[in-house]
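Structure file my_file.cif (mmCIF, C-alpha atoms; chains and numbers go by the auth columns) follows.
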```
data_work
#
loop_
_atom_site.group_PDB
_atom_site.id
_atom_site.type_symbol
_atom_site.label_atom_id
_atom_site.label_comp_id
_atom_site.label_asym_id
_atom_site.label_seq_id
_atom_site.Cartn_x
_atom_site.Cartn_y
_atom_site.Cartn_z
_atom_site.B_iso_or_equiv
_atom_site.auth_seq_id
_atom_site.auth_asym_id
ATOM 1 C CA MET A 1 6.317 -82.405 207.904 0.00 1 A
ATOM 2 C CA GLY A 2 8.738 -83.804 210.472 0.00 2 A
ATOM 3 C CA HIS A 3 11.994 -85.572 209.847 0.00 3 A
ATOM 4 C CA HIS A 4 14.107 -88.118 211.679 0.00 4 A
ATOM 5 C CA PRO A 5 17.470 -89.772 211.111 0.00 5 A
ATOM 6 C CA PRO A 6 17.638 -93.174 209.381 0.00 6 A
ATOM 7 C CA GLU A 7 16.475 -96.088 211.500 0.00 7 A
ATOM 8 C CA ILE A 8 18.821 -98.615 209.895 0.00 8 A
ATOM 9 C CA PRO A 9 22.361 -99.186 211.140 0.00 9 A
ATOM 10 C CA ILE A 10 24.935 -98.056 208.590 0.00 10 A
ATOM 11 C CA GLN A 11 28.626 -98.827 208.835 0.00 11 A
ATOM 12 C CA VAL A 12 31.247 -97.456 206.445 0.00 12 A
ATOM 13 C CA ASP A 13 34.465 -99.436 205.980 0.00 13 A
ATOM 14 C CA ASP A 14 37.411 -97.127 206.683 0.00 14 A
ATOM 15 C CA GLU A 15 39.612 -98.722 204.012 0.00 15 A
ATOM 16 C CA THR A 16 37.164 -99.360 201.166 0.00 16 A
ATOM 17 C CA GLY A 17 34.389 -96.840 201.790 0.00 17 A
ATOM 18 C CA VAL A 18 31.819 -99.645 201.370 0.00 18 A
ATOM 19 C CA TRP A 19 28.570 -98.972 203.214 0.00 19 A
ATOM 20 C CA SER A 20 26.878 -101.910 204.937 0.00 20 A
ATOM 21 C CA THR A 21 23.866 -102.690 207.063 0.00 21 A
ATOM 22 C CA ASP A 22 23.856 -105.874 209.144 0.00 22 A
ATOM 23 C CA GLY A 23 26.972 -107.004 207.268 0.00 23 A
ATOM 24 C CA LEU A 24 25.414 -106.701 203.789 0.00 24 A
ATOM 25 C CA PRO A 25 27.013 -104.204 201.366 0.00 25 A
ATOM 26 C CA MET A 26 24.661 -101.379 200.406 0.00 26 A
ATOM 27 C CA LEU A 27 24.560 -98.526 197.905 0.00 27 A
ATOM 28 C CA TYR A 28 23.230 -95.091 198.686 0.00 28 A
ATOM 29 C CA VAL A 29 22.123 -93.295 195.525 0.00 29 A
ATOM 30 C CA PRO A 30 19.738 -90.404 194.841 0.00 30 A
ATOM 31 C CA ARG A 31 16.206 -91.609 194.117 0.00 31 A
ATOM 32 C CA HIS A 32 16.071 -89.686 190.831 0.00 32 A
ATOM 33 C CA PHE A 33 19.222 -91.487 189.636 0.00 33 A
ATOM 34 C CA PHE A 34 17.758 -94.930 190.299 0.00 34 A
ATOM 35 C CA ILE A 35 14.300 -94.156 188.926 0.00 35 A
ATOM 36 C CA ASN A 36 15.637 -92.392 185.823 0.00 36 A
ATOM 37 C CA ASN A 37 17.629 -95.557 185.022 0.00 37 A
ATOM 38 C CA HIS A 38 14.550 -97.673 185.716 0.00 38 A
ATOM 39 C CA ALA A 39 12.396 -95.535 183.396 0.00 39 A
ATOM 40 C CA GLU A 40 14.966 -95.639 180.573 0.00 40 A
ATOM 41 C CA VAL A 41 15.207 -99.439 180.665 0.00 41 A
ATOM 42 C CA GLU A 42 11.421 -99.675 180.735 0.00 42 A
ATOM 43 C CA ASP A 43 11.193 -97.381 177.700 0.00 43 A
ATOM 44 C CA ALA A 44 13.851 -99.383 175.834 0.00 44 A
ATOM 45 C CA ILE A 45 12.506 -102.913 176.343 0.00 45 A
ATOM 46 C CA GLY A 46 8.918 -102.365 177.452 0.00 46 A
ATOM 47 C CA ALA A 47 7.311 -102.553 180.863 0.00 47 A
ATOM 48 C CA ASP A 48 6.193 -106.190 180.543 0.00 48 A
ATOM 49 C CA GLN A 49 9.613 -107.564 179.626 0.00 49 A
ATOM 50 C CA TYR A 50 11.304 -105.381 182.225 0.00 50 A
ATOM 51 C CA ALA A 51 8.821 -106.550 184.872 0.00 51 A
ATOM 52 C CA ASP A 52 9.676 -110.195 184.062 0.00 52 A
ATOM 53 C CA LEU A 53 13.402 -109.525 184.427 0.00 53 A
ATOM 54 C CA LEU A 54 12.951 -107.582 187.642 0.00 54 A
ATOM 55 C CA TYR A 55 10.713 -110.300 189.078 0.00 55 A
ATOM 56 C CA LYS A 56 13.442 -112.933 188.684 0.00 56 A
ATOM 57 C CA ALA A 57 16.250 -110.715 189.957 0.00 57 A
ATOM 58 C CA GLY A 58 14.141 -109.380 192.824 0.00 58 A
ATOM 59 C CA TYR A 59 13.086 -112.873 193.861 0.00 59 A
ATOM 60 C CA LYS A 60 16.716 -114.014 194.159 0.00 60 A
ATOM 61 C CA SER A 61 17.755 -110.880 195.996 0.00 61 A
ATOM 62 C CA ALA A 62 14.904 -110.990 198.504 0.00 62 A
ATOM 63 C CA TYR A 63 15.457 -114.683 199.182 0.00 63 A
ATOM 64 C CA PHE A 64 19.153 -114.047 199.876 0.00 64 A
ATOM 65 C CA TRP A 65 18.449 -110.949 201.980 0.00 65 A
ATOM 66 C CA CYS A 66 15.888 -112.755 204.152 0.00 66 A
ATOM 67 C CA GLU A 67 18.221 -115.708 204.608 0.00 67 A
ATOM 68 C CA GLN A 68 21.075 -113.434 205.699 0.00 68 A
ATOM 69 C CA GLU A 69 18.943 -111.253 207.963 0.00 69 A
ATOM 70 C CA GLY A 70 17.367 -114.305 209.608 0.00 70 A
ATOM 71 C CA GLU A 71 20.823 -115.599 210.488 0.00 71 A
ATOM 72 C CA THR A 72 22.141 -112.182 211.543 0.00 72 A
ATOM 73 C CA HIS A 73 19.231 -111.441 213.869 0.00 73 A
ATOM 74 C CA GLY A 74 18.351 -114.979 214.945 0.00 74 A
ATOM 75 C CA ILE A 75 14.812 -114.715 213.577 0.00 75 A
ATOM 76 C CA SER A 76 12.703 -116.855 211.259 0.00 76 A
ATOM 77 C CA GLY A 77 9.230 -117.183 209.808 0.00 77 A
ATOM 78 C CA ALA A 78 6.874 -114.242 210.075 0.00 78 A
ATOM 79 C CA GLU A 79 9.497 -112.225 211.970 0.00 79 A
ATOM 80 C CA VAL A 80 11.745 -112.218 208.890 0.00 80 A
ATOM 81 C CA PHE A 81 8.934 -111.130 206.558 0.00 81 A
ATOM 82 C CA ASP A 82 7.958 -108.365 208.985 0.00 82 A
ATOM 83 C CA HIS A 83 11.611 -107.300 209.305 0.00 83 A
ATOM 84 C CA TYR A 84 11.898 -107.177 205.504 0.00 84 A
ATOM 85 C CA MET A 85 8.868 -104.889 205.158 0.00 85 A
ATOM 86 C CA LYS A 86 10.251 -102.683 207.925 0.00 86 A
ATOM 87 C CA ARG A 87 13.674 -102.416 206.270 0.00 87 A
ATOM 88 C CA LEU A 88 12.165 -101.694 202.829 0.00 88 A
ATOM 89 C CA SER A 89 10.168 -98.894 204.438 0.00 89 A
ATOM 90 C CA GLN A 90 13.232 -97.572 206.259 0.00 90 A
ATOM 91 C CA ARG A 91 15.284 -97.514 203.057 0.00 91 A
ATOM 92 C CA GLY A 92 12.950 -95.144 201.220 0.00 92 A
ATOM 93 C CA TRP A 93 11.162 -97.354 198.675 0.00 93 A
ATOM 94 C CA GLY A 94 7.819 -96.424 200.227 0.00 94 A
ATOM 95 C CA GLN A 95 5.922 -97.524 203.313 0.00 95 A
ATOM 96 C CA PHE A 96 5.023 -101.216 203.365 0.00 96 A
ATOM 97 C CA PHE A 97 2.247 -102.526 205.603 0.00 97 A
ATOM 98 C CA ILE A 98 1.421 -106.198 206.046 0.00 98 A
ATOM 99 C CA GLU A 99 -2.353 -106.526 205.840 0.00 99 A
ATOM 100 C CA HIS A 100 -2.287 -110.327 205.923 0.00 100 A
ATOM 101 C CA LEU A 101 0.449 -112.873 206.523 0.00 101 A
ATOM 102 C CA ASP A 102 0.054 -116.631 206.953 0.00 102 A
ATOM 103 C CA VAL A 103 3.409 -118.366 206.687 0.00 103 A
ATOM 104 C CA SER A 104 1.864 -121.820 207.107 0.00 104 A
ATOM 105 C CA GLN A 105 -0.250 -121.186 203.977 0.00 105 A
ATOM 106 C CA GLY A 106 2.347 -119.166 202.047 0.00 106 A
ATOM 107 C CA THR A 107 0.039 -116.180 201.687 0.00 107 A
ATOM 108 C CA ALA A 108 0.436 -112.463 202.227 0.00 108 A
ATOM 109 C CA ARG A 109 -1.136 -109.177 201.284 0.00 109 A
ATOM 110 C CA VAL A 110 1.030 -106.054 201.421 0.00 110 A
ATOM 111 C CA ARG A 111 -0.132 -102.439 201.103 0.00 111 A
ATOM 112 C CA LEU A 112 2.326 -99.882 199.751 0.00 112 A
ATOM 113 C CA GLU A 113 1.918 -96.201 200.495 0.00 113 A
ATOM 114 C CA ASN A 114 4.147 -93.348 199.318 0.00 114 A
ATOM 115 C CA SER A 115 5.847 -95.444 196.650 0.00 115 A
ATOM 116 C CA ALA A 116 9.012 -93.969 195.134 0.00 116 A
ATOM 117 C CA PHE A 117 7.709 -95.084 191.730 0.00 117 A
ATOM 118 C CA VAL A 118 4.320 -93.424 192.127 0.00 118 A
ATOM 119 C CA TYR A 119 6.099 -90.268 193.267 0.00 119 A
ATOM 120 C CA TYR A 120 8.008 -90.277 189.952 0.00 120 A
ATOM 121 C CA TYR A 121 5.297 -91.431 187.522 0.00 121 A
ATOM 122 C CA GLY A 122 2.226 -89.864 189.124 0.00 122 A
ATOM 123 C CA LYS A 123 -1.264 -90.929 187.998 0.00 123 A
ATOM 124 C CA VAL A 124 -0.551 -92.781 184.750 0.00 124 A
ATOM 125 C CA ASN A 125 -3.293 -95.437 185.023 0.00 125 A
ATOM 126 C CA ARG A 126 -0.971 -98.412 185.121 0.00 126 A
ATOM 127 C CA LYS A 127 0.848 -100.395 187.769 0.00 127 A
ATOM 128 C CA VAL A 128 4.309 -98.874 188.177 0.00 128 A
ATOM 129 C CA ASP A 129 5.465 -100.707 191.330 0.00 129 A
ATOM 130 C CA TYR A 130 6.061 -104.064 189.617 0.00 130 A
ATOM 131 C CA MET A 131 9.668 -104.137 190.801 0.00 131 A
ATOM 132 C CA PHE A 132 8.453 -105.276 194.219 0.00 132 A
ATOM 133 C CA THR A 133 6.468 -108.359 193.175 0.00 133 A
ATOM 134 C CA GLY A 134 9.453 -110.702 192.922 0.00 134 A
ATOM 135 C CA TRP A 135 10.706 -109.357 196.242 0.00 135 A
ATOM 136 C CA PHE A 136 7.567 -110.493 198.036 0.00 136 A
ATOM 137 C CA ALA A 137 7.609 -113.995 196.523 0.00 137 A
ATOM 138 C CA GLY A 138 11.330 -114.439 197.221 0.00 138 A
ATOM 139 C CA ALA A 139 10.863 -113.313 200.804 0.00 139 A
ATOM 140 C CA MET A 140 7.870 -115.605 201.299 0.00 140 A
ATOM 141 C CA ASP A 141 9.639 -118.635 199.832 0.00 141 A
ATOM 142 C CA GLN A 142 12.680 -118.130 202.068 0.00 142 A
ATOM 143 C CA VAL A 143 10.496 -117.587 205.122 0.00 143 A
ATOM 144 C CA THR A 144 8.289 -120.626 204.533 0.00 144 A
ATOM 145 C CA GLU A 145 11.270 -122.842 203.757 0.00 145 A
ATOM 146 C CA SER A 146 13.073 -121.736 206.933 0.00 146 A
ATOM 147 C CA VAL A 147 10.186 -122.960 209.094 0.00 147 A
ATOM 148 C CA GLY A 148 9.428 -126.198 207.247 0.00 148 A
ATOM 149 C CA PHE A 149 6.706 -125.136 204.805 0.00 149 A
ATOM 150 C CA PRO A 150 8.606 -125.184 201.496 0.00 150 A
ATOM 151 C CA PHE A 151 6.056 -123.425 199.298 0.00 151 A
ATOM 152 C CA LYS A 152 6.821 -121.958 195.924 0.00 152 A
ATOM 153 C CA THR A 153 4.820 -118.774 195.681 0.00 153 A
ATOM 154 C CA HIS A 154 4.017 -116.087 193.159 0.00 154 A
ATOM 155 C CA ALA A 155 3.258 -112.432 193.839 0.00 155 A
ATOM 156 C CA VAL A 156 1.099 -110.048 191.840 0.00 156 A
ATOM 157 C CA GLN A 157 0.319 -106.387 192.120 0.00 157 A
ATOM 158 C CA LEU A 158 -3.428 -105.914 192.434 0.00 158 A
ATOM 159 C CA GLN A 159 -3.422 -102.126 192.289 0.00 159 A
ATOM 160 C CA SER A 160 -1.062 -99.164 192.247 0.00 160 A
ATOM 161 C CA GLY A 161 -1.268 -95.690 193.677 0.00 161 A
ATOM 162 C CA SER A 162 -0.522 -94.557 190.099 0.00 162 A
ATOM 163 C CA GLU A 163 -3.977 -95.752 188.964 0.00 163 A
ATOM 164 C CA GLU A 164 -6.996 -93.463 189.056 0.00 164 A
ATOM 165 C CA GLY A 165 -9.111 -94.095 192.135 0.00 165 A
ATOM 166 C CA CYS A 166 -6.283 -95.824 194.022 0.00 166 A
ATOM 167 C CA ASP A 167 -4.395 -94.177 196.841 0.00 167 A
ATOM 168 C CA PHE A 168 -1.977 -97.041 197.511 0.00 168 A
ATOM 169 C CA GLY A 169 -0.442 -100.147 195.998 0.00 169 A
ATOM 170 C CA LEU A 170 -1.621 -103.619 196.944 0.00 170 A
ATOM 171 C CA PHE A 171 0.225 -106.892 196.419 0.00 171 A
ATOM 172 C CA GLU A 172 -0.775 -110.490 196.996 0.00 172 A
ATOM 173 C CA VAL A 173 1.402 -113.548 197.494 0.00 173 A
ATOM 174 C CA LYS A 174 -0.024 -117.063 197.009 0.00 174 A
ATOM 175 C CA PRO A 175 1.367 -120.556 196.520 0.00 175 A
ATOM 176 C CA ILE A 176 1.815 -121.623 192.907 0.00 176 A
ATOM 177 C CA GLY A 177 -0.660 -124.255 191.750 0.00 177 A
#
```
Have the structure of the file written as C-alpha cells, please.
Amino acid sequence: MGHHPPEIPIQVDDETGVWSTDGLPMLYVPRHFFINNHAEVEDAIGADQYADLLYKAGYKSAYFWCEQEGETHGISGAEVFDHYMKRLSQRGWGQFFIEHLDVSQGTARVRLENSAFVYYYGKVNRKVDYMFTGWFAGAMDQVTESVGFPFKTHAVQLQSGSEEGCDFGLFEVKPIG
C-alpha cells in the first residue's frame, strides 16, 4: 500500500494555532475519536433520531461549505459539487465518486468506497453512512441555486458497504415533490 501527503492546502495561524483550508477553519482529530463519539450518541438516542439530527446539521454545513468554496475558487454548478466530493475524499471520510450528476434536474448518485464508518462498524447489515445524506442534499441545493435552478432536494442512502452483499455505499439525491 502506497502513501502520499495530503492533497488539501492547510494553513496554521501562528498566533491562534487554528488550522484552515481555503480560509475555512478546520479540525484535525483522530478517526477513532470522532467515530467513538458518533457511536456513543447513536447508542444513546438511537440511529434513526441521530440520523435526522445529522441530516439537518450536515445539510446546513454542506450548503455553507459549497457557497464559500464556490466564491473562493470562482466556480459554480457541477464544478462545486465535484470539488466537494474531491475534498471529502481528500479529508479521509472515504472515497466519493459521482456516478451521475445533473444540476439542471437536481439529481445525483454518489458511490462511497472505503467509508470511515464501514471501517469502524464492519458488516452489521444496516446503513451506517447516514451522516453523509444531508451533506449531499445541502451541496446540491447550494449548487442548483447558484446557477439559477433553485431546487429543494432530499438525499437517501440506497446501500452501505456495511450490508451483506454490498461492497460500497450508494446515495441518491432528487428534488422534493
For this session: For A:Tyr130, work out the shell of residues within 12 Å, counting only C-alpha atoms and skipping chain neighbours fewer than 2 positions away, then give it as a PyMOL selection string.
Result: chain A and resi 38+42+47-56+58+112+115-118+126-128+132-136+155-162+169-172
Exercise. So how many Å separate atom CA of A:Met85 and atom CA of A:Gly165, to one decimal?
Worked result: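 Going from atom CA of A:Met85 over to atom CA of A:Gly165, I get 24.7 Å.
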For this session: For A:Phe151, list every protein, DNA or RNA residue within 10 Å, evaluated using only C-alpha atoms, and leave out those in the same chain fewer than 4 positions away; present the list as JSON, numbers by chain.
Result: {"A": [103, 104, 105, 106, 107, 137, 140, 141, 142, 143, 144, 145, 174, 175, 176]}
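Compared by their closest atoms to A:Asp102, and using all atoms listed in the file, the residues A:Tyr119, A:Tyr59, A:Phe81, A:Phe34 rank with A:Phe81 nearest.
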Evaluating the PyMOL selection byres ((chain A and resi 31) around 12) on the displayed file yields which residues, as a PDB file with C-alpha atoms, in the frame of the given file?
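See expr.pdb below for the written result:
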```pdb
ATOM      1  CA  LEU A  27      24.560 -98.526 197.905  1.00  0.00           C
ATOM      2  CA  TYR A  28      23.230 -95.091 198.686  1.00  0.00           C
ATOM      3  CA  VAL A  29      22.123 -93.295 195.525  1.00  0.00           C
ATOM      4  CA  PRO A  30      19.738 -90.404 194.841  1.00  0.00           C
ATOM      5  CA  HIS A  32      16.071 -89.686 190.831  1.00  0.00           C
ATOM      6  CA  PHE A  33      19.222 -91.487 189.636  1.00  0.00           C
ATOM      7  CA  PHE A  34      17.758 -94.930 190.299  1.00  0.00           C
ATOM      8  CA  ILE A  35      14.300 -94.156 188.926  1.00  0.00           C
ATOM      9  CA  ASN A  36      15.637 -92.392 185.823  1.00  0.00           C
ATOM     10  CA  ASN A  37      17.629 -95.557 185.022  1.00  0.00           C
ATOM     11  CA  HIS A  38      14.550 -97.673 185.716  1.00  0.00           C
ATOM     12  CA  ARG A  91      15.284 -97.514 203.057  1.00  0.00           C
ATOM     13  CA  GLY A  92      12.950 -95.144 201.220  1.00  0.00           C
ATOM     14  CA  TRP A  93      11.162 -97.354 198.675  1.00  0.00           C
ATOM     15  CA  GLY A  94       7.819 -96.424 200.227  1.00  0.00           C
ATOM     16  CA  SER A 115       5.847 -95.444 196.650  1.00  0.00           C
ATOM     17  CA  ALA A 116       9.012 -93.969 195.134  1.00  0.00           C
ATOM     18  CA  PHE A 117       7.709 -95.084 191.730  1.00  0.00           C
ATOM     19  CA  TYR A 119       6.099 -90.268 193.267  1.00  0.00           C
ATOM     20  CA  TYR A 120       8.008 -90.277 189.952  1.00  0.00           C
TER      21      TYR A 120
END
```
Exercise. Mind listing as an MDAnalysis selection string all residues within 10 Å of (26.0, -101.1, 209.2), counting only C-alpha atoms?
Worked result: chainID A and resid 8:13 18:26
For this session: Please return, as a ChimeraX atom specification, all polymer residues that have at least one atom within 6 Å of the point (-1.9, -112.0, 201.8); use all atoms listed in the file and the file's own coordinate frame.
Result: /A:100-101,107-109,172-173
Keeping only C-alpha atoms, write the selected residues as a PDB file, in the frame of the given file.
```pdb
ATOM      1  CA  HIS A 100      -2.287-110.327 205.923  1.00  0.00           C
ATOM      2  CA  LEU A 101       0.449-112.873 206.523  1.00  0.00           C
ATOM      3  CA  THR A 107       0.039-116.180 201.687  1.00  0.00           C
ATOM      4  CA  ALA A 108       0.436-112.463 202.227  1.00  0.00           C
ATOM      5  CA  ARG A 109      -1.136-109.177 201.284  1.00  0.00           C
ATOM      6  CA  GLU A 172      -0.775-110.490 196.996  1.00  0.00           C
ATOM      7  CA  VAL A 173       1.402-113.548 197.494  1.00  0.00           C
TER       8      VAL A 173
END
```
Exercise. Of the residues A:His3, A:Gly138, A:Ser146, A:Tyr63, which is the one nearest to A:Gly77, using all atoms listed in the file?
Worked result: A:Ser146
Exercise. What residues come out when you apply the PyMOL selection byres ((chain A and resi 84) around 10) to this file, written as an NGL selection string?
Worked result: :A and (62 or 65-66 or 69-70 or 78-83 or 85-90 or 96 or 135-136 or 139)
Selection to disk with C-alpha atoms, as a PDB file, in the frame of the given file:
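What ended up in out.pdb:
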```
ATOM      1  CA  ALA A  62      14.904-110.990 198.504  1.00  0.00           C
ATOM      2  CA  TRP A  65      18.449-110.949 201.980  1.00  0.00           C
ATOM      3  CA  CYS A  66      15.888-112.755 204.152  1.00  0.00           C
ATOM      4  CA  GLU A  69      18.943-111.253 207.963  1.00  0.00           C
ATOM      5  CA  GLY A  70      17.367-114.305 209.608  1.00  0.00           C
ATOM      6  CA  ALA A  78       6.874-114.242 210.075  1.00  0.00           C
ATOM      7  CA  GLU A  79       9.497-112.225 211.970  1.00  0.00           C
ATOM      8  CA  VAL A  80      11.745-112.218 208.890  1.00  0.00           C
ATOM      9  CA  PHE A  81       8.934-111.130 206.558  1.00  0.00           C
ATOM     10  CA  ASP A  82       7.958-108.365 208.985  1.00  0.00           C
ATOM     11  CA  HIS A  83      11.611-107.300 209.305  1.00  0.00           C
ATOM     12  CA  MET A  85       8.868-104.889 205.158  1.00  0.00           C
ATOM     13  CA  LYS A  86      10.251-102.683 207.925  1.00  0.00           C
ATOM     14  CA  ARG A  87      13.674-102.416 206.270  1.00  0.00           C
ATOM     15  CA  LEU A  88      12.165-101.694 202.829  1.00  0.00           C
ATOM     16  CA  SER A  89      10.168 -98.894 204.438  1.00  0.00           C
ATOM     17  CA  GLN A  90      13.232 -97.572 206.259  1.00  0.00           C
ATOM     18  CA  PHE A  96       5.023-101.216 203.365  1.00  0.00           C
ATOM     19  CA  TRP A 135      10.706-109.357 196.242  1.00  0.00           C
ATOM     20  CA  PHE A 136       7.567-110.493 198.036  1.00  0.00           C
ATOM     21  CA  ALA A 139      10.863-113.313 200.804  1.00  0.00           C
TER      22      ALA A 139
END
```
Exercise. Quick one: of A:Asp14, A:Asp167, A:Glu40, A:Gly177, who's nearest to A:His154, counting all atoms listed in the file?
Worked result: A:Gly177
Problem set entry | Å distance separating atom CA of A:Val124 from atom CA of A:Glu163, one decimal place |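 Value for the atom CA of A:Val124-atom CA of A:Glu163 distance: 6.2 Å.
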